[in-house]
Structures are given as structure tokens and as C-alpha cells.
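Colleague: One file is attached below, final-v8.txt, containing compact mmCIF, C-alpha atoms.
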```txt
# COMPACT_ATOMS: atom_id res chain seq x y z
CA MET A 132 2.78 -3.22 -24.11
CA ILE A 133 -0.55 -4.14 -22.55
CA THR A 134 -1.33 -2.28 -19.32
CA LEU A 135 -3.79 -2.76 -16.50
CA ASN A 136 -5.54 0.42 -17.62
CA ASP A 137 -6.02 -1.06 -21.11
CA ILE A 138 -7.55 -4.21 -19.63
CA VAL A 139 -9.97 -2.26 -17.43
CA ARG A 140 -11.05 -0.05 -20.34
CA ARG A 141 -11.68 -3.06 -22.57
CA TYR A 142 -13.35 -5.40 -20.08
CA GLY A 143 -14.77 -2.98 -17.51
CA PRO A 144 -18.32 -3.06 -18.96
CA ALA A 145 -18.38 -6.88 -18.93
CA TYR A 146 -17.06 -6.97 -15.36
CA ARG A 147 -19.70 -4.51 -14.17
CA ALA A 148 -22.42 -6.49 -15.91
CA GLN A 149 -21.39 -9.71 -14.17
CA TYR A 150 -20.56 -8.41 -10.69
CA ALA A 151 -22.75 -5.30 -10.41
CA ASP A 152 -24.60 -6.50 -7.31
CA ARG A 153 -21.35 -7.40 -5.49
CA MET A 154 -19.12 -4.46 -6.39
CA LEU A 155 -18.03 -2.16 -3.59
CA PRO A 156 -18.11 1.62 -4.16
CA SER A 157 -14.32 1.67 -3.84
CA HIS A 158 -14.04 -0.87 -6.68
CA ARG A 159 -16.29 1.20 -8.94
CA ALA A 160 -14.31 4.36 -8.21
CA ALA A 161 -10.96 2.67 -8.88
CA MET A 162 -12.16 1.20 -12.17
CA ALA A 163 -13.45 4.60 -13.31
CA ALA A 164 -10.09 6.19 -12.46
CA LEU A 165 -8.09 3.51 -14.28
CA GLU A 166 -10.31 3.80 -17.35
CA ALA A 167 -9.90 7.59 -17.51
CA CYS A 168 -6.18 7.76 -16.68
CA ARG A 169 -4.19 9.59 -19.36
CA THR A 170 -7.13 9.90 -21.72
CA GLU A 171 -9.06 12.88 -23.03
CA ALA A 172 -11.59 12.30 -20.24
CA LEU A 173 -9.22 14.02 -17.76
CA GLY A 174 -7.98 16.74 -20.09
CA GLY A 175 -4.35 17.69 -20.57
CA HIS A 176 -2.29 19.63 -23.13
CA VAL A 177 -1.79 19.49 -26.87
CA TYR A 178 1.68 20.56 -28.02
CA THR A 179 2.19 21.95 -31.53
CA CYS A 180 5.51 22.80 -33.15
CA PRO A 181 5.25 26.13 -35.00
CA THR A 182 8.20 25.14 -37.22
CA CYS A 183 7.23 21.73 -38.60
CA ALA A 184 3.60 21.43 -37.37
CA THR A 185 4.29 18.24 -35.33
CA THR A 186 1.53 17.63 -32.77
CA ARG A 187 1.77 15.71 -29.49
CA TYR A 188 -0.93 15.08 -26.87
CA SER A 189 -0.23 14.81 -23.13
CA TYR A 190 -3.22 13.77 -21.02
CA HIS A 191 -3.49 14.07 -17.25
CA SER A 192 -3.07 11.12 -14.89
CA CYS A 193 -5.83 9.93 -12.57
CA LYS A 194 -3.50 9.99 -9.49
CA ASN A 195 -5.43 7.11 -7.96
CA ARG A 196 -3.30 5.30 -5.37
CA HIS A 197 -4.17 1.93 -6.93
CA CYS A 198 -3.17 2.92 -10.47
CA PRO A 199 0.20 1.39 -11.50
CA THR A 200 0.76 4.22 -13.99
CA CYS A 201 0.52 6.95 -11.33
CA GLN A 202 2.72 5.57 -8.53
CA GLN A 203 6.13 5.59 -10.22
CA ASP A 204 7.56 8.86 -8.88
CA SER A 205 6.18 8.85 -5.33
CA VAL A 206 8.95 6.97 -3.50
CA GLN A 207 11.60 9.71 -3.51
CA SER A 208 9.09 12.32 -2.39
CA TRP A 209 8.00 10.12 0.54
CA LEU A 210 11.59 9.40 1.58
CA ALA A 211 12.30 13.13 1.71
CA ARG A 212 9.50 13.56 4.26
CA GLN A 213 10.67 10.78 6.59
CA GLN A 214 13.95 12.23 7.82
CA ASP A 215 12.73 12.60 11.43
CA LEU A 216 12.48 8.80 11.61
CA LEU A 217 16.20 8.24 10.96
CA LEU A 218 18.12 7.15 14.05
CA PRO A 219 21.72 5.83 14.11
CA VAL A 220 20.64 2.38 15.37
CA PRO A 221 19.79 -0.97 13.79
CA TYR A 222 16.22 -1.40 12.49
CA PHE A 223 13.89 -4.40 12.40
CA LEU A 224 11.02 -5.29 10.08
CA VAL A 225 8.20 -7.01 12.00
CA THR A 226 5.34 -8.52 9.97
CA PHE A 227 1.94 -9.57 11.35
CA THR A 228 -0.16 -11.81 9.07
CA LEU A 229 -3.92 -12.25 9.35
CA PRO A 230 -4.64 -16.00 9.59
CA PRO A 231 -6.60 -17.72 6.76
CA ALA A 232 -9.69 -18.23 8.94
CA LEU A 233 -10.16 -14.45 9.20
CA ARG A 234 -9.58 -13.53 5.56
CA ASP A 235 -13.12 -14.11 4.32
CA VAL A 236 -14.40 -11.80 7.06
CA ALA A 237 -11.71 -9.26 6.21
CA ARG A 238 -12.61 -9.35 2.51
CA THR A 239 -16.24 -8.42 3.22
CA HIS A 240 -15.55 -6.04 6.14
CA GLN A 241 -12.32 -4.44 5.02
CA ARG A 242 -12.34 -1.18 6.93
CA GLN A 243 -13.27 -2.77 10.25
CA LEU A 244 -10.83 -5.69 10.06
CA TYR A 245 -7.92 -3.62 8.77
CA GLN A 246 -8.41 -1.13 11.61
CA LEU A 247 -8.40 -3.93 14.18
CA LEU A 248 -5.37 -5.55 12.54
CA PHE A 249 -3.42 -2.31 12.95
CA ARG A 250 -4.54 -1.70 16.54
CA ALA A 251 -3.98 -5.23 17.84
CA SER A 252 -0.57 -5.70 16.20
CA ALA A 253 0.78 -2.29 17.24
CA ALA A 254 -0.47 -2.72 20.80
CA ALA A 255 1.04 -6.22 21.09
CA LEU A 256 4.45 -5.10 19.85
CA GLN A 257 4.49 -2.01 22.07
CA GLN A 258 3.41 -3.99 25.15
CA LEU A 259 6.11 -6.63 24.70
CA ALA A 260 8.78 -3.98 24.02
CA HIS A 261 7.84 -2.23 27.30
CA ASP A 262 8.69 -5.43 29.20
CA PRO A 263 12.03 -4.84 31.05
CA ARG A 264 13.14 -8.35 30.10
CA PHE A 265 13.36 -7.25 26.47
CA LEU A 266 13.61 -3.52 25.75
CA GLY A 267 11.92 -1.80 28.69
CA GLY A 268 10.71 1.36 26.99
CA GLN A 269 8.53 3.02 24.40
CA ILE A 270 9.51 2.25 20.81
CA GLY A 271 8.70 3.79 17.44
CA LEU A 272 6.59 2.00 14.83
CA LEU A 273 6.00 2.78 11.17
CA GLY A 274 3.28 0.41 9.91
CA VAL A 275 2.26 -0.33 6.32
CA LEU A 276 -0.72 -2.47 5.31
CA GLN A 277 -0.35 -4.86 2.37
CA THR A 278 -3.10 -7.25 1.23
CA TRP A 279 -1.66 -9.31 -1.62
CA THR A 280 0.72 -12.11 -2.49
CA ARG A 281 2.86 -12.02 -5.62
CA ASP A 282 0.17 -13.90 -7.56
CA LEU A 283 -2.57 -11.49 -6.37
CA ARG A 284 -4.16 -13.74 -3.75
CA PHE A 285 -5.76 -12.12 -0.70
CA HIS A 286 -3.20 -12.11 2.13
CA PRO A 287 -3.62 -9.15 4.56
CA HIS A 288 -0.54 -8.34 6.64
CA VAL A 289 1.13 -5.33 8.24
CA HIS A 290 4.85 -4.50 8.03
CA TYR A 291 6.30 -2.48 10.92
CA LEU A 292 9.64 -0.69 10.71
CA VAL A 293 11.07 -0.55 14.26
CA PRO A 294 14.35 0.99 15.50
CA ALA A 295 16.18 -1.10 18.10
CA ILE A 296 15.86 1.52 20.82
CA GLY A 297 13.27 2.79 23.27
CA VAL A 298 12.71 5.43 25.93
CA ALA A 299 11.72 4.47 29.48
CA SER A 300 9.20 6.48 31.53
CA ASP A 301 12.08 8.24 33.35
CA GLY A 302 13.70 9.26 30.05
CA THR A 303 16.36 6.54 30.08
CA VAL A 304 17.40 5.28 26.64
CA CYS A 305 16.85 1.52 26.34
CA ARG A 306 18.58 -0.84 23.93
CA PRO A 307 18.10 -4.58 23.38
CA ARG A 308 20.72 -6.73 25.09
CA ASN A 309 21.26 -8.64 21.86
CA PRO A 310 21.50 -6.34 18.79
CA ALA A 311 20.15 -9.17 16.60
CA PHE A 312 17.07 -9.71 18.79
CA LEU A 313 14.12 -7.40 19.41
CA VAL A 314 11.31 -9.39 21.12
CA PRO A 315 10.37 -13.12 21.29
CA ILE A 316 8.29 -13.96 18.24
CA LYS A 317 6.16 -16.76 19.70
CA ALA A 318 5.14 -14.60 22.65
CA LEU A 319 4.41 -11.71 20.27
CA ALA A 320 2.20 -13.91 18.06
CA SER A 321 0.23 -15.17 21.08
CA LEU A 322 -0.26 -11.64 22.40
CA PHE A 323 -1.36 -10.42 18.95
CA ARG A 324 -3.91 -13.23 18.72
CA ALA A 325 -5.29 -12.44 22.17
CA LYS A 326 -5.64 -8.73 21.47
CA LEU A 327 -7.36 -9.24 18.13
CA ARG A 328 -9.73 -11.78 19.68
CA ALA A 329 -10.62 -9.35 22.47
CA ALA A 330 -11.27 -6.60 19.92
CA LEU A 331 -13.46 -8.84 17.73
CA ARG A 332 -15.50 -9.93 20.77
CA GLN A 333 -16.82 -6.37 20.87
CA THR A 334 -18.21 -6.67 17.33
CA ASP A 335 -20.90 -8.69 15.55
CA LEU A 336 -18.21 -10.38 13.45
CA TYR A 337 -16.94 -12.62 16.25
CA ALA A 338 -19.72 -15.18 15.71
CA GLN A 339 -18.55 -15.70 12.11
CA ILE A 340 -15.11 -16.93 13.18
CA ALA A 341 -14.46 -20.63 13.82
CA PRO A 342 -13.48 -21.32 17.47
CA GLU A 343 -10.38 -23.31 16.47
CA THR A 344 -8.92 -20.11 14.98
CA TRP A 345 -8.01 -18.98 18.49
CA ARG A 346 -6.19 -22.25 19.27
CA GLN A 347 -3.97 -22.24 16.20
CA ALA A 348 -0.49 -20.73 16.01
CA TRP A 349 -0.42 -17.34 14.27
CA VAL A 350 2.38 -16.08 12.03
CA VAL A 351 4.62 -13.17 13.02
CA ASP A 352 8.02 -12.55 11.45
CA CYS A 353 10.87 -10.34 12.69
CA ARG A 354 14.13 -9.70 10.86
CA ALA A 355 16.96 -7.17 10.98
CA VAL A 356 17.07 -4.79 8.00
CA GLY A 357 20.11 -2.66 8.74
CA SER A 358 20.38 1.09 9.23
CA GLY A 359 17.59 3.67 9.25
CA ALA A 360 18.24 5.00 5.74
CA SER A 361 18.48 1.54 4.20
CA ALA A 362 15.40 0.40 6.17
CA LEU A 363 13.32 3.28 4.82
CA LYS A 364 14.53 2.48 1.30
CA TYR A 365 13.50 -1.12 1.86
CA LEU A 366 10.02 -0.18 3.07
CA ALA A 367 9.23 2.64 0.62
CA PRO A 368 8.30 0.33 -2.29
CA TYR A 369 5.78 -1.45 -0.04
CA ILE A 370 4.04 1.87 0.52
CA PHE A 371 3.62 2.87 -3.13
CA ARG A 372 3.57 -0.53 -4.79
CA VAL A 373 0.18 -1.55 -6.11
CA ALA A 374 -0.97 -5.17 -6.33
CA LEU A 375 0.28 -5.49 -9.92
CA SER A 376 2.65 -3.31 -11.93
CA ASN A 377 2.25 -2.97 -15.69
CA ASN A 378 5.64 -4.50 -16.46
CA ARG A 379 4.51 -7.81 -14.93
CA ILE A 380 1.69 -8.25 -17.45
CA VAL A 381 2.94 -10.58 -20.18
CA SER A 382 -0.01 -10.92 -22.53
CA LEU A 383 -3.76 -10.65 -23.11
CA ARG A 384 -4.99 -13.36 -25.50
CA ASP A 385 -8.36 -15.04 -25.94
CA ASP A 386 -9.81 -13.17 -22.96
CA ARG A 387 -7.08 -14.52 -20.67
CA VAL A 388 -4.38 -12.51 -18.90
CA THR A 389 -0.89 -13.87 -18.23
CA PHE A 390 1.34 -12.15 -15.70
CA ARG A 391 4.63 -13.10 -14.08
CA TYR A 392 5.65 -13.18 -10.43
CA ARG A 393 8.53 -14.41 -8.29
CA ASP A 394 7.81 -17.45 -6.14
CA GLY A 395 8.49 -16.59 -2.51
CA LYS A 396 9.99 -19.99 -1.66
CA THR A 397 11.99 -20.94 -4.76
CA LYS A 398 12.73 -17.33 -5.88
CA GLN A 399 12.04 -18.48 -9.44
CA ILE A 400 10.08 -16.41 -11.95
CA CYS A 401 6.69 -18.04 -12.58
CA SER A 402 3.68 -17.13 -14.70
CA CYS A 403 -0.02 -17.21 -13.94
CA THR A 404 -2.80 -17.21 -16.56
CA LEU A 405 -6.36 -16.31 -15.56
CA PRO A 406 -9.64 -15.53 -17.34
CA VAL A 407 -9.71 -11.77 -17.64
CA LEU A 408 -12.70 -11.24 -15.33
CA THR A 409 -11.09 -13.47 -12.68
CA PHE A 410 -7.89 -11.48 -13.08
CA MET A 411 -9.78 -8.22 -12.56
CA SER A 412 -11.54 -9.65 -9.51
CA ARG A 413 -8.20 -10.63 -7.96
CA PHE A 414 -6.82 -7.16 -8.54
CA LEU A 415 -9.89 -5.31 -7.26
CA GLN A 416 -10.01 -7.22 -3.96
CA HIS A 417 -6.89 -5.25 -2.99
CA ILE A 418 -8.55 -1.85 -3.49
CA LEU A 419 -8.67 -0.15 -0.09
CA PRO A 420 -11.80 1.59 1.23
CA LYS A 421 -12.07 5.29 0.42
CA GLY A 422 -10.01 7.38 2.81
CA PHE A 423 -8.42 4.39 4.55
CA VAL A 424 -4.90 5.23 5.78
CA LYS A 425 -2.50 2.40 4.95
CA VAL A 426 0.60 4.00 6.57
CA ARG A 427 0.45 4.62 10.33
CA TYR A 428 2.84 5.88 13.01
CA TYR A 429 2.89 4.73 16.64
CA GLY A 430 4.90 5.36 19.79
CA LEU A 431 7.97 7.52 19.25
CA PHE A 432 7.02 7.93 15.58
CA SER A 433 3.55 9.35 16.33
CA ARG A 434 3.00 13.05 15.68
CA ARG A 435 2.62 13.95 19.35
CA GLN A 436 6.00 12.34 20.15
CA ARG A 437 8.05 13.96 17.39
CA ARG A 438 9.70 16.42 19.78
CA LEU A 439 10.88 13.54 21.97
CA LEU A 440 12.08 11.70 18.87
CA ILE A 441 14.15 14.70 17.74
CA GLN A 442 15.71 14.98 21.20
CA LEU A 443 16.53 11.27 21.15
CA ARG A 444 18.18 11.55 17.76
CA GLN A 445 20.30 14.47 18.92
CA ARG A 446 21.45 12.50 21.97
CA LEU A 447 22.34 9.51 19.83
CA LEU A 448 24.24 11.55 17.25
CA VAL A 449 26.33 13.18 19.99
CA ALA A 450 27.10 9.79 21.52
CA THR A 451 27.86 8.09 18.19
CA PRO A 452 31.42 8.68 16.85
CA SER A 453 30.52 7.93 13.21
CA PRO A 454 26.84 8.66 12.77
CA GLU A 455 24.88 7.38 9.86
CA ALA A 456 24.42 9.79 6.98
CA PRO A 457 21.32 11.80 7.94
CA ALA A 458 19.47 11.35 4.69
CA THR A 459 19.58 9.66 1.35
CA VAL A 460 17.31 12.40 0.01
CA ALA A 461 17.65 15.98 1.21
CA PRO A 462 14.53 17.24 3.06
CA ASN A 463 14.14 20.20 0.71
CA THR A 464 14.60 18.22 -2.49
CA PRO A 465 11.87 19.35 -4.90
CA VAL A 466 9.44 16.73 -6.09
CA PRO A 467 9.82 16.05 -9.82
CA THR A 468 6.92 17.39 -11.80
CA THR A 469 5.93 17.13 -15.43
CA ALA A 470 7.46 20.03 -17.29
CA VAL A 471 5.06 22.26 -19.19
CA ALA A 472 7.66 23.10 -21.84
CA MET A 473 8.32 20.45 -24.48
CA CYS A 474 10.71 20.34 -27.40
CA CYS A 475 9.66 18.98 -30.76
CA PRO A 476 10.89 15.38 -31.23
CA VAL A 477 11.32 16.05 -34.97
CA CYS A 478 13.11 19.40 -35.26
CA GLY A 479 14.00 20.14 -31.62
CA GLN A 480 12.26 23.52 -31.49
CA PRO A 481 10.10 24.56 -28.48
CA MET A 482 6.48 23.51 -28.88
CA GLN A 483 3.43 25.61 -28.03
CA ALA A 484 0.96 24.19 -25.51
CA VAL A 485 -2.83 24.52 -25.46
CA VAL A 486 -4.88 23.31 -22.50
CA LEU A 487 -7.36 20.50 -23.20
CA ARG A 488 -10.34 20.56 -20.87
CA PRO A 489 -11.70 17.28 -19.46
CA VAL A 490 -14.36 15.68 -21.63
CA ARG A 491 -17.73 15.55 -19.89
CA SER A 492 -20.93 14.41 -21.48
CA ARG A 493 -23.65 17.06 -21.66
CA GLY A 494 -26.24 14.81 -23.26
CA PRO A 495 -29.33 13.40 -21.57
CA PRO A 496 -28.98 10.21 -19.52
CA ALA A 497 -28.99 6.97 -21.45
CA VAL A 498 -32.40 5.49 -22.09
CA PRO A 499 -32.92 1.76 -21.48
CA GLN A 500 -33.64 -0.24 -24.61
CA GLY A 501 -37.35 -0.12 -25.41
CA GLY A 502 -37.96 2.85 -23.07
CA THR A 503 -38.53 6.55 -23.63
CA ASN A 504 -36.77 9.63 -22.41
CA ARG A 505 -39.63 11.87 -21.35
CA GLN A 506 -39.10 15.27 -19.77
CA GLN A 507 -41.18 16.04 -16.72
```
Could you rewrite the structure in this file as C-alpha cells?
Modeller:
Amino acid sequence: MITLNDIVRRYGPAYRAQYADRMLPSHRAAMAALEACRTEALGGHVYTCPTCATTRYSYHSCKNRHCPTCQQDSVQSWLARQQDLLLPVPYFLVTFTLPPALRDVARTHQRQLYQLLFRASAAALQQLAHDPRFLGGQIGLLGVLQTWTRDLRFHPHVHYLVPAIGVASDGTVCRPRNPAFLVPIKALASLFRAKLRAALRQTDLYAQIAPETWRQAWVVDCRAVGSGASALKYLAPYIFRVALSNNRIVSLRDDRVTFRYRDGKTKQICSCTLPVLTFMSRFLQHILPKGFVKVRYYGLFSRRQRRLLIQLRQRLLVATPSPEAPATVAPNTPVPTTAVAMCCPVCGQPMQAVVLRPVRSRGPPAVPQGGTNRQQ
């Protein structure tokens, strides 16, 4: 099976040669990690069977958050750490989408635009929820940034997981009058647009945005997603999913990559074939800036409000005759790790392991063709 790592190893030099002057540092770092993942470059272990002399190599993973090979076992570990966010109330998934007119600016100023997208959307949702006509109190928000469509196009948006409950300034617990309704979507979209416009006015980027952008309708979606445990399960894949998983890559032929995706409207499985360098460019545009936090907590879910959140959960559990199961994953569940011991696949006997150190070049730097390597 062809993997994204294989493609980057094979075509990485050609991609760097063509786009060297336009590559971001985060793109270079991600490509280097993908190329080295599970190769001798990162070291690992060699297992030898003392009975039948069978040898097996196990190389270390790069652990890069954009590597599809390294994000398979992270969901359960994350779910185990989110138990404080479980409340016995309905949850909503609210999605804010950056309009097309802002995407070119976001692509070239990722850190700045993504920060403003988070701030404006969270502030708009919290402000509307505080309105006594709707909820009338402080709510909790768990936000996750996602930048891609199923066919790898650039489409920045933020998903917020929101419990249908709030706390007023006097400590009163607030619930929506209609359990199927959180806040009015059109009003939320208009408020989001106004807040993002005000934030961009304070930057040099505002002049790059067409004036009609602020007169168009913006897209915000809100839908019920059930209980807290099921809502976290629903959101967890968004957190650890990368733009393209290896099992979606169909083939690599004649320097063209074919991958499959599900059409959002028809729900049918489709395929997309791209020149390999175009394919790599589409994938790399979803690499986040170094250190950028794509999962954020606001309101009742923020760190400084966790004590209040725990008190609220206790009050709700006492008042609820049949509370929701507190967790799908126990908080103290150990995270699966790669076992050091390995049994021989041929004879079944325990194998002996020897550590392989990462491979690092000790030679002199490469000399350009026609030049000399002269020591000073």
C-alpha cells in the first residue's frame, strides 16, 4: 500500500526544488518528519530470535501531528483526559466557516488569521448565549480548528462543542427554553462577521480584503449531537484526523496521485487524481504553524473555571434521576504503548532486542557542483 510518507520521500526533493522560495518553515519541518518516520533515520530496535535467527526491525515514529501514521492511537488517550467536560445535558456542535474572500489572506498569514478566527467566533457565541432571551449565562466551549475539505481544498473552519446549559452571574443554572435550539444562527453569523471585521481593522491585513466581504452573508451551522460522551466521541476524530489518511490513497502512477473521498452533498465515494506535486501542495497547505494550538477551551471549559464546572456537574448529577454514564473511557486508563518484548513470528520464542541509534551524517556539508570544499 502506498502511503503519504512514501510519496514525500520519493518526491520531496523535486517539490523543494520547485517551491523552495515559497515554502514555509512549518512545511519544511513536516516534510522532514514524514520522510524520516519509521526509518533508520530515527533509530529504533532490531529484534533477533536466538532459536531460529529470525530478524525484525522496528523503527521509531516521527510523532508529528500531521503524520497519518502517527495519529492512530491518540483518540482514546484524549477522551480519557476530557472527563471534566461531561455534563448530563444535550450538546450542540456549532461550526464557524471563514468566507472565501478571506482564505487567500489566511493561507499566507495563517497564525494571525487562525487566532482571530478563534477569538471572534468564541466571543460571538458567548455574547449571544449571555443574552437572557436565549440562554442568559456563561457557557462552555471546546473549539477545534480544521482547514480542509474532503478533497484537500483550503477551507478553514472551527467546530465548537457546547453543552446546552449555562451559569448566570448570580450562580443560577440556565437552560435553553427549547432543548433543540441553542442560539439564532443568522444573528450569530452577523455578530461573528462584525467581531472579525473589528479585529482585522486593527491589523495591516484589512486593506487586502474586498469591501463586499462585509456585506455578504457568512456561514454558521448549529446542530444537536446528543449526550456529552457521544459528543466527545463525535469530535475526537476531528482533533487527531490529518488532512489525508493513508487508507484513502488509491494509487501513485505516472507521477499522479489518486485518492478517494466522500462527497459532502451526495454522500457518494468519489476519486480525485492530481499531479504529485500539486497533491503535495494541497496537503502541505493544511500544516499548522509551529506551536499553534488547534484545540481551545473557553467559558466554563477554560482552566480557570474548572472548579465551577465540577460544582455544576455535581449539582446536575444530584438533580438527574438517571445520569449519563460518566465516561466511555476510565480516567486512569493507561495509554497503549508499543511493547518492547516481541515474540518470533516463525517459532514463537521471545526475541532479543538491540537499540538502533538514529542515523546522523557526520560527513562534511555537500559541495555545490563545480565548487570546492575548502577548510578555513
Colleague: Would you compute the distance between CA of Gln246 in chain A and CA of Phe285 in chain A? Give it in Å to one decimal.
Modeller: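 These atoms are spaced 16.7 Å apart.
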Colleague: Measuring atom to atom with all atoms listed in the file, identify which of A:Leu439, A:Cys198, A:Ala163, A:Cys183 is nearest to Val477 in chain A.
Modeller: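 Residue with the minimum atom-to-atom distance to Val477 in chain A: A:Cys183.
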Colleague: So, with all atoms listed in the file as the atoms that count, which of A:Arg434, A:Arg427, A:Arg250, A:His197 lies closest to Val373 in chain A?
Modeller: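 Among A:Arg434, A:Arg427, A:Arg250, A:His197, it is A:His197 that comes nearest to Val373 in chain A.
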Colleague: Check which residues of range 181-248 of chain A sit at most 10 Å from range 329-338 of chain A using all atoms listed in the file, and return one row each with the closest pair of atoms and their distance in Å to one decimal, ordered by chain and rising number, as JSON lines.
Modeller:
```
{"residue": "A:Leu233", "atom": "CA", "partner": "A:Tyr337", "partner_atom": "CA", "distance": 10.0}
{"residue": "A:Val236", "atom": "CA", "partner": "A:Leu336", "partner_atom": "CA", "distance": 7.6}
{"residue": "A:Ala237", "atom": "CA", "partner": "A:Leu336", "partner_atom": "CA", "distance": 9.8}
{"residue": "A:His240", "atom": "CA", "partner": "A:Leu336", "partner_atom": "CA", "distance": 8.9}
{"residue": "A:Gln243", "atom": "CA", "partner": "A:Thr334", "partner_atom": "CA", "distance": 9.5}
{"residue": "A:Leu244", "atom": "CA", "partner": "A:Leu331", "partner_atom": "CA", "distance": 8.7}
{"residue": "A:Leu247", "atom": "CA", "partner": "A:Ala330", "partner_atom": "CA", "distance": 7.0}
{"residue": "A:Leu248", "atom": "CA", "partner": "A:Ala330", "partner_atom": "CA", "distance": 9.5}
```
Colleague: How many Å lie between CA of Pro476 in chain A and CA of Ser189 in chain A, rounded to one decimal?
Modeller: 13.8 Å
Colleague: Nearest to Pro406 in chain A: which of A:Leu276, A:Leu218, A:Ile316, A:Val388 is it, counting all atoms listed in the file?
Modeller: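 The closest residue to Pro406 in chain A is A:Val388.
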Colleague: Here is a test: counting all atoms listed in the file, which residue of A:Arg159, A:Arg488, A:Lys317, A:Arg153 is nearest to Val139 in chain A?
Modeller: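 Closest candidate: A:Arg159.
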Colleague: Can you tell me how far CA of His261 in chain A sits from CA of Thr303 in chain A, in Å to one decimal?
Modeller: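 Separation between CA of His261 in chain A and CA of Thr303 in chain A: 12.5 Å.
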Colleague: Kindly extract all protein, DNA and RNA residues lying within 8 Å of the coordinates (-5.3, 20.0, -23.7) given in the file, considering all atoms listed in the file, and supply them as number ranges by chain.
Modeller: A: 174-177, 188-190, 484-488
Colleague: Mind checking which residues fall within 9 Å of Thr200 in chain A, counting only C-alpha atoms, ignoring those fewer than 2 positions away in the same chain, and posting them as a short mmCIF file (atom, residue, chain, number, x, y, z; two decimals) with C-alpha atoms, keeping the file's coordinate frame?
Modeller:
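Saved file around.cif follows:
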```
data_model
loop_
_atom_site.label_atom_id
_atom_site.label_comp_id
_atom_site.auth_asym_id
_atom_site.auth_seq_id
_atom_site.Cartn_x
_atom_site.Cartn_y
_atom_site.Cartn_z
CA THR A 134 -1.33 -2.28 -19.32
CA LEU A 135 -3.79 -2.76 -16.50
CA ASN A 136 -5.54 0.42 -17.62
CA LEU A 165 -8.09 3.51 -14.28
CA CYS A 168 -6.18 7.76 -16.68
CA SER A 192 -3.07 11.12 -14.89
CA CYS A 193 -5.83 9.93 -12.57
CA LYS A 194 -3.50 9.99 -9.49
CA HIS A 197 -4.17 1.93 -6.93
CA CYS A 198 -3.17 2.92 -10.47
CA GLN A 202 2.72 5.57 -8.53
CA GLN A 203 6.13 5.59 -10.22
CA SER A 376 2.65 -3.31 -11.93
CA ASN A 377 2.25 -2.97 -15.69
#
```
Colleague: Return the single residue from A:Pro181, A:Pro230, A:Gly302, A:Pro368 that is closest to Arg346 in chain A, with distances computed using all atoms listed in the file.
Modeller: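 Closest residue, counting all atoms listed in the file: A:Pro230.
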Colleague: With a distance cut-off of 12 Å and all atoms listed in the file, select the neighbouring residues of Ala145 in chain A, excluding the residue or stretch itself and same-chain residues fewer than 2 positions from it, and output the selection as a short mmCIF file (atom, residue, chain, number, x, y, z; two decimals) with C-alpha atoms, keeping the file's coordinate frame.
Modeller:
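Done, and the output landed in part-v3.cif:
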```cif
data_model
loop_
_atom_site.label_atom_id
_atom_site.label_comp_id
_atom_site.auth_asym_id
_atom_site.auth_seq_id
_atom_site.Cartn_x
_atom_site.Cartn_y
_atom_site.Cartn_z
CA ILE A 138 -7.55 -4.21 -19.63
CA VAL A 139 -9.97 -2.26 -17.43
CA ARG A 140 -11.05 -0.05 -20.34
CA ARG A 141 -11.68 -3.06 -22.57
CA TYR A 142 -13.35 -5.40 -20.08
CA GLY A 143 -14.77 -2.98 -17.51
CA ARG A 147 -19.70 -4.51 -14.17
CA ALA A 148 -22.42 -6.49 -15.91
CA GLN A 149 -21.39 -9.71 -14.17
CA TYR A 150 -20.56 -8.41 -10.69
CA ALA A 151 -22.75 -5.30 -10.41
CA ASP A 386 -9.81 -13.17 -22.96
CA VAL A 407 -9.71 -11.77 -17.64
CA LEU A 408 -12.70 -11.24 -15.33
CA THR A 409 -11.09 -13.47 -12.68
CA MET A 411 -9.78 -8.22 -12.56
CA SER A 412 -11.54 -9.65 -9.51
#
```
